[in-house]
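The file run.cif comes next; it holds mmCIF, C-alpha atoms and all ligand atoms.
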data_structure
#
loop_
_atom_site.label_atom_id
_atom_site.label_comp_id
_atom_site.auth_asym_id
_atom_site.auth_seq_id
_atom_site.Cartn_x
_atom_site.Cartn_y
_atom_site.Cartn_z
CA MET A 1 91.67 40.05 3.35
CA ASN A 2 88.53 41.89 4.29
CA ALA A 3 88.87 45.60 4.70
CA PRO A 4 88.13 46.46 8.31
CA THR A 5 84.61 47.86 8.64
CA THR A 6 84.89 49.52 12.05
CA PRO A 7 87.35 52.17 13.19
CA GLN A 8 90.33 50.27 14.52
CA GLY A 9 94.06 50.01 14.70
CA LEU A 10 95.66 47.63 12.27
CA PRO A 11 97.52 44.51 13.37
CA GLY A 12 101.13 45.15 14.29
CA GLN A 13 100.82 48.83 13.38
CA PRO A 14 99.54 50.76 16.35
CA GLN A 15 100.28 54.11 14.71
CA VAL A 16 98.11 53.28 11.67
CA ALA A 17 94.41 53.41 12.53
CA TYR A 18 91.00 54.39 11.18
CA ALA A 19 89.29 57.38 12.73
CA GLY A 20 85.79 57.14 11.34
CA ASP A 21 86.25 55.90 7.78
CA GLN A 22 89.61 57.65 7.32
CA LEU A 23 92.94 55.94 7.81
CA HIS A 24 95.51 57.95 9.78
CA VAL A 25 99.20 57.68 10.60
CA GLU A 26 99.42 59.18 14.08
CA GLY A 27 97.33 62.37 13.80
CA VAL A 28 97.59 62.79 10.04
CA CYS A 29 94.85 61.79 7.58
CA LEU A 30 96.25 59.74 4.71
CA SER A 31 93.63 60.80 2.11
CA GLU A 32 94.72 64.39 2.66
CA LEU A 33 98.41 63.52 2.36
CA ALA A 34 97.76 61.69 -0.92
CA ARG A 35 95.82 64.69 -2.26
CA GLU A 36 98.55 67.10 -1.27
CA HIS A 37 101.65 65.13 -2.28
CA GLY A 38 100.40 62.66 -4.88
CA THR A 39 101.08 58.94 -5.04
CA PRO A 40 102.95 56.63 -4.71
CA LEU A 41 103.86 58.12 -1.35
CA PHE A 42 105.67 56.56 1.59
CA VAL A 43 104.46 57.74 5.00
CA TYR A 44 106.39 56.90 8.17
CA SER A 45 105.49 57.32 11.83
CA LYS A 46 108.24 58.69 14.04
CA ALA A 47 106.39 57.45 17.14
CA ALA A 48 106.26 53.92 15.72
CA MET A 49 110.02 53.95 15.11
CA LEU A 50 110.75 55.23 18.59
CA SER A 51 108.38 52.73 20.16
CA ALA A 52 110.07 49.85 18.32
CA LEU A 53 113.42 51.18 19.52
CA ALA A 54 112.10 51.51 23.07
CA ALA A 55 111.39 47.76 23.18
CA TYR A 56 115.09 47.11 22.59
CA GLN A 57 116.12 49.83 25.06
CA ARG A 58 113.90 48.25 27.74
CA GLY A 59 115.39 44.86 26.93
CA PHE A 60 118.91 46.18 27.54
CA ALA A 61 118.18 48.41 30.53
CA GLY A 62 121.14 48.33 32.93
CA ARG A 63 123.41 46.58 30.40
CA ASN A 64 126.42 47.79 28.48
CA ALA A 65 124.75 47.64 25.07
CA GLN A 66 124.91 49.57 21.79
CA ILE A 67 122.06 49.44 19.30
CA CYS A 68 123.30 49.92 15.75
CA TYR A 69 120.37 50.45 13.35
CA ALA A 70 120.96 48.34 10.21
CA MET A 71 120.25 51.21 7.88
CA LYS A 72 119.87 49.27 4.66
CA ALA A 73 116.30 48.60 5.85
CA ASN A 74 115.48 52.29 5.33
CA SER A 75 118.32 54.70 4.75
CA SER A 76 116.44 57.97 4.26
CA LEU A 77 118.31 60.80 5.98
CA ALA A 78 115.45 61.89 8.25
CA VAL A 79 114.93 58.29 9.39
CA LEU A 80 118.63 58.07 10.27
CA GLN A 81 118.29 61.39 12.09
CA VAL A 82 115.49 59.97 14.26
CA PHE A 83 117.69 57.06 15.31
CA ALA A 84 120.88 59.13 15.70
CA ASP A 85 119.01 61.58 17.96
CA ALA A 86 117.78 58.60 20.01
CA GLY A 87 121.38 57.50 20.62
CA CYS A 88 121.68 54.73 18.04
CA GLY A 89 124.77 53.80 16.12
CA PHE A 90 124.50 52.38 12.61
CA ASP A 91 125.32 49.13 10.88
CA ILE A 92 126.43 50.04 7.36
CA VAL A 93 127.19 47.90 4.32
CA SER A 94 128.76 50.44 1.94
CA GLY A 95 130.68 53.69 1.73
CA GLY A 96 127.50 55.27 0.44
CA GLU A 97 125.72 54.36 3.65
CA LEU A 98 128.60 55.86 5.65
CA ALA A 99 128.18 59.13 3.73
CA ARG A 100 124.47 59.07 4.63
CA VAL A 101 125.22 58.53 8.34
CA LEU A 102 127.54 61.54 8.33
CA ALA A 103 125.01 63.66 6.39
CA ALA A 104 122.33 62.76 8.96
CA GLY A 105 124.53 63.76 11.90
CA GLY A 106 125.33 60.22 13.09
CA ASP A 107 128.42 59.51 15.20
CA PRO A 108 131.06 57.62 13.15
CA ALA A 109 132.47 56.10 16.34
CA LYS A 110 129.17 54.21 16.68
CA VAL A 111 129.29 52.82 13.14
CA ILE A 112 129.99 49.19 12.37
CA PHE A 113 130.75 48.17 8.81
CA SER A 114 129.37 44.82 7.62
CA GLY A 115 129.42 43.16 4.22
CA VAL A 116 131.37 40.55 2.26
CA GLY A 117 132.74 42.88 -0.40
CA LYS A 118 134.19 46.04 1.10
CA THR A 119 136.47 47.84 -1.35
CA ARG A 120 139.83 49.38 -0.42
CA HIS A 121 138.32 52.77 -1.09
CA GLU A 122 135.44 52.11 1.34
CA MET A 123 137.87 50.82 4.00
CA LYS A 124 139.96 53.97 3.65
CA GLN A 125 136.91 56.24 3.87
CA ALA A 126 135.76 54.42 7.05
CA LEU A 127 139.22 54.52 8.66
CA GLN A 128 139.59 58.23 7.96
CA VAL A 129 136.37 59.11 9.80
CA GLY A 130 137.17 56.66 12.62
CA ILE A 131 134.33 54.13 12.57
CA GLY A 132 133.81 51.91 15.60
CA CYS A 133 134.38 48.51 14.06
CA PHE A 134 134.78 46.56 10.83
CA ASN A 135 132.78 43.35 10.81
CA VAL A 136 135.11 41.27 8.65
CA GLU A 137 133.64 38.40 6.65
CA SER A 138 136.66 36.53 5.25
CA GLU A 139 140.35 35.89 5.90
CA ALA A 140 141.25 37.58 2.61
CA GLU A 141 139.48 40.73 3.78
CA LEU A 142 141.62 40.73 6.96
CA ASP A 143 144.80 41.01 4.89
CA VAL A 144 143.48 43.81 2.72
CA LEU A 145 142.10 45.79 5.67
CA SER A 146 145.37 45.47 7.58
CA ALA A 147 147.32 46.74 4.56
CA VAL A 148 144.94 49.66 3.96
CA ALA A 149 145.08 50.64 7.65
CA ALA A 150 148.88 50.35 7.81
CA ASP A 151 149.18 52.59 4.72
CA LEU A 152 147.18 55.25 6.52
CA GLY A 153 149.18 54.78 9.71
CA LYS A 154 146.04 53.57 11.46
CA VAL A 155 144.90 50.44 13.26
CA ALA A 156 141.50 49.07 12.22
CA PRO A 157 139.23 47.76 14.99
CA VAL A 158 137.84 44.41 13.81
CA SER A 159 135.25 41.86 14.70
CA LEU A 160 134.91 38.64 12.74
CA ARG A 161 131.51 37.66 11.51
CA VAL A 162 131.20 33.99 12.29
CA ASN A 163 128.69 31.69 10.74
CA PRO A 164 127.00 29.70 13.49
CA ASN A 165 125.36 27.32 10.98
CA VAL A 166 121.86 27.54 12.45
CA ASP A 167 118.69 27.58 10.38
CA PRO A 168 116.61 30.71 11.06
CA LYS A 169 113.63 29.08 9.24
CA THR A 170 112.95 32.09 7.08
CA HIS A 171 112.92 32.73 3.31
CA PRO A 172 116.08 31.26 1.71
CA TYR A 173 117.07 34.67 0.25
CA ILE A 174 117.12 36.23 3.73
CA SER A 175 118.73 33.32 5.56
CA THR A 176 122.39 34.12 6.12
CA GLY A 177 123.77 31.90 8.89
CA LEU A 178 123.92 28.53 7.12
CA LYS A 179 127.03 26.84 5.73
CA GLY A 180 126.05 27.34 2.08
CA ASN A 181 125.77 31.14 2.48
CA LYS A 182 128.29 33.65 1.20
CA PHE A 183 128.28 35.39 4.60
CA GLY A 184 130.66 35.08 7.52
CA ILE A 185 133.51 32.80 8.47
CA ALA A 186 132.70 29.12 9.08
CA HIS A 187 132.57 28.14 12.74
CA GLU A 188 135.41 25.65 12.30
CA ASP A 189 137.66 28.27 10.63
CA ALA A 190 137.02 31.00 13.19
CA GLN A 191 139.89 30.14 15.55
CA ARG A 192 142.42 30.25 12.74
CA ALA A 193 140.97 33.51 11.40
CA TYR A 194 141.19 35.13 14.85
CA ARG A 195 144.82 34.06 15.24
CA HIS A 196 145.51 35.47 11.78
CA ALA A 197 143.75 38.77 12.63
CA ALA A 198 145.69 39.08 15.89
CA SER A 199 148.96 38.64 13.99
CA LEU A 200 148.36 41.45 11.50
CA PRO A 201 149.94 44.85 12.23
CA GLY A 202 147.06 47.00 10.92
CA LEU A 203 144.32 45.32 12.97
CA LYS A 204 143.11 45.23 16.53
CA VAL A 205 140.63 42.50 17.44
CA VAL A 206 137.76 44.01 19.41
CA GLY A 207 134.78 41.71 19.00
CA ILE A 208 132.84 38.89 17.44
CA ASP A 209 129.60 39.05 15.52
CA CYS A 210 127.00 36.98 13.78
CA HIS A 211 123.81 37.67 11.84
CA ILE A 212 121.75 34.63 10.98
CA GLY A 213 119.01 35.98 8.75
CA SER A 214 116.01 38.24 8.54
CA GLN A 215 112.27 38.16 9.36
CA ILE A 216 112.99 35.60 12.10
CA THR A 217 109.81 34.93 14.08
CA ASP A 218 111.08 32.41 16.63
CA SER A 219 113.63 32.84 19.43
CA THR A 220 115.13 29.34 19.09
CA PRO A 221 117.57 30.14 16.26
CA TYR A 222 118.87 33.12 18.27
CA LEU A 223 119.40 31.01 21.37
CA ASP A 224 121.17 28.32 19.34
CA ALA A 225 123.36 30.89 17.58
CA MET A 226 124.24 32.47 20.92
CA ASP A 227 125.43 29.13 22.29
CA ARG A 228 127.59 28.57 19.24
CA VAL A 229 129.09 32.07 19.41
CA LEU A 230 129.81 31.87 23.14
CA ASP A 231 131.56 28.52 22.60
CA LEU A 232 133.83 30.31 20.15
CA VAL A 233 134.44 33.25 22.49
CA ALA A 234 135.62 30.80 25.15
CA ASP A 235 137.98 29.07 22.69
CA ILE A 236 139.36 32.31 21.24
CA GLU A 237 139.98 33.85 24.64
CA ALA A 238 141.66 30.62 25.77
CA ALA A 239 144.08 31.25 22.90
CA GLY A 240 144.91 34.65 24.46
CA ILE A 241 142.84 36.91 22.18
CA ALA A 242 140.47 39.19 24.12
CA ILE A 243 136.95 39.69 22.77
CA HIS A 244 135.59 43.00 24.08
CA HIS A 245 132.19 43.04 22.49
CA ILE A 246 129.70 40.44 21.30
CA ASP A 247 127.40 41.48 18.44
CA PHE A 248 124.34 39.32 17.77
CA GLY A 249 123.28 41.00 14.53
CA GLY A 250 119.70 41.80 13.60
CA GLY A 251 116.97 39.79 11.95
CA LEU A 252 114.00 39.99 14.30
CA GLY A 253 110.80 39.73 12.25
CA ILE A 254 107.66 41.84 12.21
CA ASN A 255 103.96 41.14 11.79
CA TYR A 256 103.14 41.30 8.08
CA ASN A 257 100.27 38.85 7.99
CA GLY A 258 99.54 37.43 11.40
CA ASP A 259 103.22 36.64 12.04
CA THR A 260 103.97 36.46 15.74
CA PRO A 261 107.64 37.28 16.35
CA PRO A 262 108.69 37.76 19.97
CA GLU A 263 108.81 41.36 21.21
CA ALA A 264 112.38 42.67 21.29
CA ASP A 265 112.39 43.01 25.08
CA ALA A 266 111.02 39.49 25.59
CA LEU A 267 113.54 38.02 23.15
CA TRP A 268 116.39 39.81 24.92
CA ALA A 269 115.19 38.72 28.35
CA GLN A 270 115.68 35.14 27.13
CA LEU A 271 119.03 35.85 25.49
CA LEU A 272 120.37 37.82 28.46
CA ALA A 273 119.39 34.99 30.80
CA LYS A 274 121.56 32.69 28.71
CA LEU A 275 124.42 35.20 28.61
CA ASP A 276 124.24 35.60 32.40
CA ALA A 277 124.12 31.86 32.94
CA ARG A 278 127.25 31.46 30.84
CA GLY A 279 129.02 34.38 32.54
CA TYR A 280 129.01 36.85 29.64
CA GLY A 281 126.21 39.15 30.79
CA GLN A 282 128.53 42.05 31.63
CA ARG A 283 130.29 42.15 28.24
CA GLN A 284 129.66 44.97 25.86
CA LEU A 285 126.77 43.81 23.70
CA MET A 286 125.90 45.08 20.25
CA ILE A 287 122.91 44.41 18.05
CA GLU A 288 122.04 45.41 14.49
CA PRO A 289 118.25 45.50 14.11
CA GLY A 290 116.86 46.84 10.83
CA ARG A 291 113.39 45.67 9.81
CA SER A 292 112.04 45.45 13.35
CA LEU A 293 112.74 49.17 13.94
CA VAL A 294 111.10 50.54 10.79
CA GLY A 295 109.04 47.89 8.97
CA ASN A 296 105.74 48.51 10.71
CA ALA A 297 106.35 52.24 10.96
CA GLY A 298 105.64 52.88 7.28
CA VAL A 299 102.89 52.58 4.68
CA CYS A 300 102.92 53.21 0.94
CA LEU A 301 99.94 55.08 -0.52
CA THR A 302 98.95 54.22 -4.06
CA GLU A 303 96.08 55.30 -6.30
CA VAL A 304 93.86 52.86 -8.12
CA LEU A 305 94.22 53.61 -11.85
CA TYR A 306 91.99 50.96 -13.42
CA LEU A 307 89.89 47.99 -12.48
CA LYS A 308 90.25 45.26 -15.07
CA PRO A 309 87.83 42.36 -14.60
CA GLY A 310 88.78 39.07 -16.22
CA GLU A 311 87.61 35.50 -16.62
CA GLN A 312 90.18 34.03 -14.27
CA LYS A 313 91.35 37.08 -12.34
CA ASN A 314 90.24 40.60 -11.60
CA PHE A 315 93.06 43.09 -11.62
CA CYS A 316 93.27 46.24 -9.59
CA ILE A 317 95.94 48.29 -11.35
CA VAL A 318 97.60 50.84 -9.08
CA ASP A 319 100.26 53.51 -9.57
CA ALA A 320 102.84 51.89 -7.28
CA ALA A 321 104.87 49.06 -8.73
CA MET A 322 107.70 46.62 -8.14
CA ASN A 323 110.18 49.48 -8.48
CA ASP A 324 108.58 51.08 -5.37
CA LEU A 325 107.61 47.90 -3.49
CA PRO A 326 110.08 45.20 -4.54
CA ARG A 327 109.42 42.67 -1.77
CA PRO A 328 106.52 40.74 -3.36
CA ALA A 329 108.45 40.28 -6.63
CA MET A 330 111.73 39.42 -4.85
CA TYR A 331 110.56 37.24 -1.98
CA GLN A 332 106.88 36.50 -2.70
CA ALA A 333 106.35 38.69 0.35
CA PHE A 334 102.96 39.64 1.74
CA HIS A 335 101.88 43.21 2.51
CA GLN A 336 98.39 43.98 3.78
CA ILE A 337 96.49 46.37 1.52
CA VAL A 338 93.63 48.50 2.87
CA PRO A 339 91.70 51.54 1.61
CA VAL A 340 92.59 54.91 3.13
CA SER A 341 88.91 55.84 2.91
CA GLN A 342 86.48 53.05 3.66
CA HIS A 343 83.35 52.48 1.55
CA SER A 344 80.60 50.06 2.40
CA GLY A 345 79.71 47.48 -0.21
CA ASP A 346 80.56 44.00 -1.31
CA GLY A 347 84.22 43.29 -1.81
CA VAL A 348 85.61 41.87 -5.02
CA VAL A 349 88.73 39.71 -5.10
CA TYR A 350 91.56 41.33 -7.03
CA ASP A 351 95.20 40.87 -7.79
CA VAL A 352 96.69 44.26 -7.01
CA VAL A 353 99.34 44.97 -9.66
CA GLY A 354 101.50 47.86 -10.83
CA PRO A 355 102.09 49.38 -14.27
CA VAL A 356 105.57 47.87 -14.83
CA CYS A 357 105.95 45.56 -17.83
CA GLU A 358 106.73 42.36 -15.91
CA SER A 359 104.38 39.62 -14.73
CA GLY A 360 106.39 39.70 -11.51
CA ASP A 361 105.03 43.19 -10.91
CA TRP A 362 102.36 42.39 -8.35
CA ILE A 363 101.80 43.86 -4.91
CA GLY A 364 99.11 41.58 -3.50
CA ARG A 365 97.27 38.51 -4.76
CA ASP A 366 93.65 37.55 -4.16
CA ARG A 367 92.71 40.54 -2.02
CA GLN A 368 89.10 41.31 -1.29
CA LEU A 369 88.60 45.04 -1.71
CA VAL A 370 85.74 47.49 -1.98
CA VAL A 371 87.39 49.81 -4.43
CA GLN A 372 86.93 51.98 -7.51
CA ALA A 373 89.26 53.88 -9.84
CA GLY A 374 90.63 56.99 -8.14
CA ASP A 375 90.59 55.47 -4.65
CA VAL A 376 93.78 55.44 -2.63
CA LEU A 377 95.04 52.24 -1.02
CA ALA A 378 97.60 51.87 1.74
CA VAL A 379 100.15 49.08 1.42
CA LEU A 380 101.05 48.34 5.03
CA SER A 381 104.31 47.33 6.73
CA ALA A 382 106.21 49.18 4.02
CA GLY A 383 108.80 50.92 6.21
CA ALA A 384 111.60 48.38 5.64
CA TYR A 385 113.26 47.17 2.44
CA CYS A 386 110.89 49.12 0.18
CA MET A 387 112.14 52.66 -0.45
CA SER A 388 115.74 51.57 0.20
CA MET A 389 115.40 48.94 -2.55
CA ALA A 390 113.40 51.15 -4.92
CA SER A 391 114.67 51.56 -8.48
CA ASN A 392 113.95 53.62 -11.58
CA TYR A 393 112.93 50.61 -13.69
CA ASN A 394 110.64 51.69 -16.54
CA THR A 395 111.99 55.24 -15.97
CA ARG A 396 109.70 55.66 -13.02
CA GLY A 397 110.86 58.34 -10.61
CA ARG A 398 111.08 57.15 -7.04
CA ALA A 399 108.25 58.05 -4.66
CA ALA A 400 108.18 60.94 -2.22
CA GLU A 401 108.47 60.28 1.52
CA ILE A 402 106.73 61.87 4.50
CA LEU A 403 107.69 61.58 8.16
CA VAL A 404 104.73 62.07 10.47
CA ASP A 405 105.34 63.38 13.98
CA GLY A 406 102.05 63.77 15.86
CA THR A 407 99.87 66.02 13.71
CA LYS A 408 102.82 67.31 11.63
CA ALA A 409 103.73 65.83 8.25
CA HIS A 410 107.28 66.58 7.08
CA LEU A 411 108.20 66.03 3.45
CA ILE A 412 111.56 64.24 3.85
CA ARG A 413 112.16 63.33 0.22
CA GLN A 414 110.78 64.94 -2.90
CA ARG A 415 109.29 62.88 -5.68
CA GLU A 416 111.86 62.18 -8.39
CA SER A 417 111.03 63.61 -11.80
CA ALA A 418 111.72 61.82 -15.06
CA PHE A 419 114.49 64.36 -15.60
CA ASP A 420 116.09 63.35 -12.29
CA THR A 421 116.22 59.75 -13.48
CA PHE A 422 118.39 60.62 -16.50
CA ALA A 423 120.18 63.71 -15.20
CA LEU A 424 123.58 61.95 -15.18
CA GLU A 425 123.29 60.62 -18.73
CA GLN A 426 124.54 62.21 -21.91
CA LEU A 427 124.15 61.74 -25.63
CA VAL A 428 127.26 60.75 -27.63
C1 LIG B 1 120.56 43.25 6.94
C2 LIG B 1 121.43 43.08 8.11
C3 LIG B 1 120.95 43.36 9.39
C4 LIG B 1 119.53 43.75 9.67
O1 LIG B 1 118.63 42.72 9.40
P1 LIG B 1 117.07 42.93 9.76
O2 LIG B 1 116.46 41.64 9.37
O3 LIG B 1 116.59 44.05 8.91
O4 LIG B 1 116.99 43.21 11.21
C5 LIG B 1 121.84 43.27 10.44
N1 LIG B 1 123.13 42.90 10.25
C6 LIG B 1 123.62 42.60 9.04
C7 LIG B 1 125.05 42.20 8.90
C8 LIG B 1 122.79 42.67 7.92
O5 LIG B 1 123.28 42.37 6.73
#

Any chance you could put this one into structure tokens?
Ligand SMILES: *Cc1c(COP(=O)(O)O)cnc(C)c1O
Amino acid sequence: MNAPTTPQGLPGQPQVAYAGDQLHVEGVCLSELAREHGTPLFVYSKAAMLSALAAYQRGFAGRNAQICYAMKANSSLAVLQVFADAGCGFDIVSGGELARVLAAGGDPAKVIFSGVGKTRHEMKQALQVGIGCFNVESEAELDVLSAVAADLGKVAPVSLRVNPNVDPKTHPYISTGLKGNKFGIAHEDAQRAYRHAASLPGLKVVGIDCHIGSQITDSTPYLDAMDRVLDLVADIEAAGIAIHHIDFGGGLGINYNGDTPPEADALWAQLLAKLDARGYGQRQLMIEPGRSLVGNAGVCLTEVLYLKPGEQKNFCIVDAAMNDLPRPAMYQAFHQIVPVSQHSGDGVVYDVVGPVCESGDWIGRDRQLVVQAGDVLAVLSAGAYCMSMASNYNTRGRAAEILVDGTKAHLIRQRESAFDTFALEQLV
């Protein structure tokens, strides 16, 4: 990766661009932010989030559709606030995420609750605030949810997550729609599960859903999954059970390293054409995008601590680590890394690594950089599945977060101190 030498926007990240030799997010200079707030520091662009959302909104113009942001991608309160204010609902996977939605001012009626392991306590919490739908992932969960709802004198709106058994051709850890996955109800069991759901007193069937994986860069798996789901809708409705909404999940990929996923509006033009052709175009549609709304809206700033030349490898040791940016260690994922302040000179090839005591603690391999100790680097495409997966491993406090809106930089999360990381512990 050569650092760009001329002022330019960066691939896939229109809100991240050099003005002169200084990298900016919208109208804010990243060197200045790093000086003021320290590093590691996550910086998000509100305009980039809203522009990613706008692509979906254009795609669904004139349709009865609800966009539920899959908040596990980035669950910071101010990020949720941006999407709530823009009319989004939320796809949650825990009671903790529900508490965050409420704290951010989200509408519980627009919340859908996914996940294979909801506890009774979480079900109760969600029923009490009146969420829009439970996306149920097993027949056993149907029984428990019905009992919990009946105890509260409520009826739980349910959709069944069906497993269309299509291969999204992505990393095995983020592929979720194949038979060997823990997710969803097998296609061939779906009819029986729907009949079972319809027979339970505490449940009301309202929809069907699927979610086939993440970082999907091709429309074919979506089109295949849609065919499979619509086949089921026809069968289930033939059995007298009405399906009010159809939820196609999330999973659309972003450009990390020259990836070329379809734009959300182009993808949905294709999918809506199929829905129309099969006579389902006027149904209520739901989607659950996560990464594609926030991934390219964020960068992580990190300071170079040491350069460590070696016989086989040169290491560029930075102050961000796998506890801040877990995707390379977890999925061998690629993030572009560029300087926030460009120098001229010959690049050297480095492995960019963090201070954590694990060989898996790397952020980028074989990157050509013109860099010296004290410089600040920007790890790009860091808006999704970074901060929300961050940990305190090695007793490292989690990074601070900034939301940029035009020329304004709002601190939306303070840096965690060492004390914060052990505040709930006590000596015996
Ligand atoms: C994670 C998840 C999503 C969002 O996936 P992205 O790849 O981030 O768009 C949507 N629905 C469910 C059920 C999920 O688990």

Please identify the residues whose atoms come within 8 Å of ligand LIG 1 (chain B), using all atoms listed in the file, and report them as a PDB file with C-alpha atoms, in the coordinates of the input.
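Okay, selection-v8.pdb is ready:
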ATOM      1  CA  TYR A  69     120.370  50.450  13.350  1.00  0.00           C
ATOM      2  CA  ALA A  70     120.960  48.340  10.210  1.00  0.00           C
ATOM      3  CA  MET A  71     120.250  51.210   7.880  1.00  0.00           C
ATOM      4  CA  LYS A  72     119.870  49.270   4.660  1.00  0.00           C
ATOM      5  CA  ALA A  73     116.300  48.600   5.850  1.00  0.00           C
ATOM      6  CA  ASP A  91     125.320  49.130  10.880  1.00  0.00           C
ATOM      7  CA  VAL A  93     127.190  47.900   4.320  1.00  0.00           C
ATOM      8  CA  SER A 114     129.370  44.820   7.620  1.00  0.00           C
ATOM      9  CA  GLY A 115     129.420  43.160   4.220  1.00  0.00           C
ATOM     10  CA  ILE A 174     117.120  36.230   3.730  1.00  0.00           C
ATOM     11  CA  CYS A 210     127.000  36.980  13.780  1.00  0.00           C
ATOM     12  CA  HIS A 211     123.810  37.670  11.840  1.00  0.00           C
ATOM     13  CA  GLY A 213     119.010  35.980   8.750  1.00  0.00           C
ATOM     14  CA  SER A 214     116.010  38.240   8.540  1.00  0.00           C
ATOM     15  CA  GLN A 215     112.270  38.160   9.360  1.00  0.00           C
ATOM     16  CA  ILE A 216     112.990  35.600  12.100  1.00  0.00           C
ATOM     17  CA  GLY A 249     123.280  41.000  14.530  1.00  0.00           C
ATOM     18  CA  GLY A 250     119.700  41.800  13.600  1.00  0.00           C
ATOM     19  CA  GLY A 251     116.970  39.790  11.950  1.00  0.00           C
ATOM     20  CA  LEU A 252     114.000  39.990  14.300  1.00  0.00           C
ATOM     21  CA  GLY A 253     110.800  39.730  12.250  1.00  0.00           C
ATOM     22  CA  ILE A 287     122.910  44.410  18.050  1.00  0.00           C
ATOM     23  CA  GLU A 288     122.040  45.410  14.490  1.00  0.00           C
ATOM     24  CA  PRO A 289     118.250  45.500  14.110  1.00  0.00           C
ATOM     25  CA  GLY A 290     116.860  46.840  10.830  1.00  0.00           C
ATOM     26  CA  ARG A 291     113.390  45.670   9.810  1.00  0.00           C
ATOM     27  CA  SER A 292     112.040  45.450  13.350  1.00  0.00           C
ATOM     28  CA  LEU A 293     112.740  49.170  13.940  1.00  0.00           C
ATOM     29  CA  ALA A 384     111.600  48.380   5.640  1.00  0.00           C
ATOM     30  CA  TYR A 385     113.260  47.170   2.440  1.00  0.00           C
TER      31      TYR A 385
END

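CA of Val158 in chain A sits 5.0 Å away from CA of Val205 in chain A.
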
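Of the listed residues A:Ile185, A:Ala34, A:Ile402, A:Val294, the one whose atoms come nearest to Ala52 in chain A is A:Val294, with distances taken using all atoms listed in the file.
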
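Those residues that approach Pro201 in chain A to within 9 Å, counting all atoms listed in the file, are A:Ser146, A:Ala147, A:Ala149, A:Ala150, A:Val155, A:Ala197, A:Ala198, A:Ser199, A:Leu203, A:Lys204; same-chain residues fewer than 2 positions away are not listed.
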
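Within 7 Å of range 79-86 of chain A, once all atoms listed in the file are used and residues closer than 6 positions along the same chain are dropped, the contacting residues are Val101, Ala104, Gly105 and Gly106 of chain A.
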
Would you kindly return, as a PyMOL selection string, each protein, DNA or RNA residue with an atom no farther than 7 Å from any atom of Val299 in chain A, considering all atoms listed in the file and excluding same-chain residues fewer than 4 positions away? chain A and resi 42-44+378-383
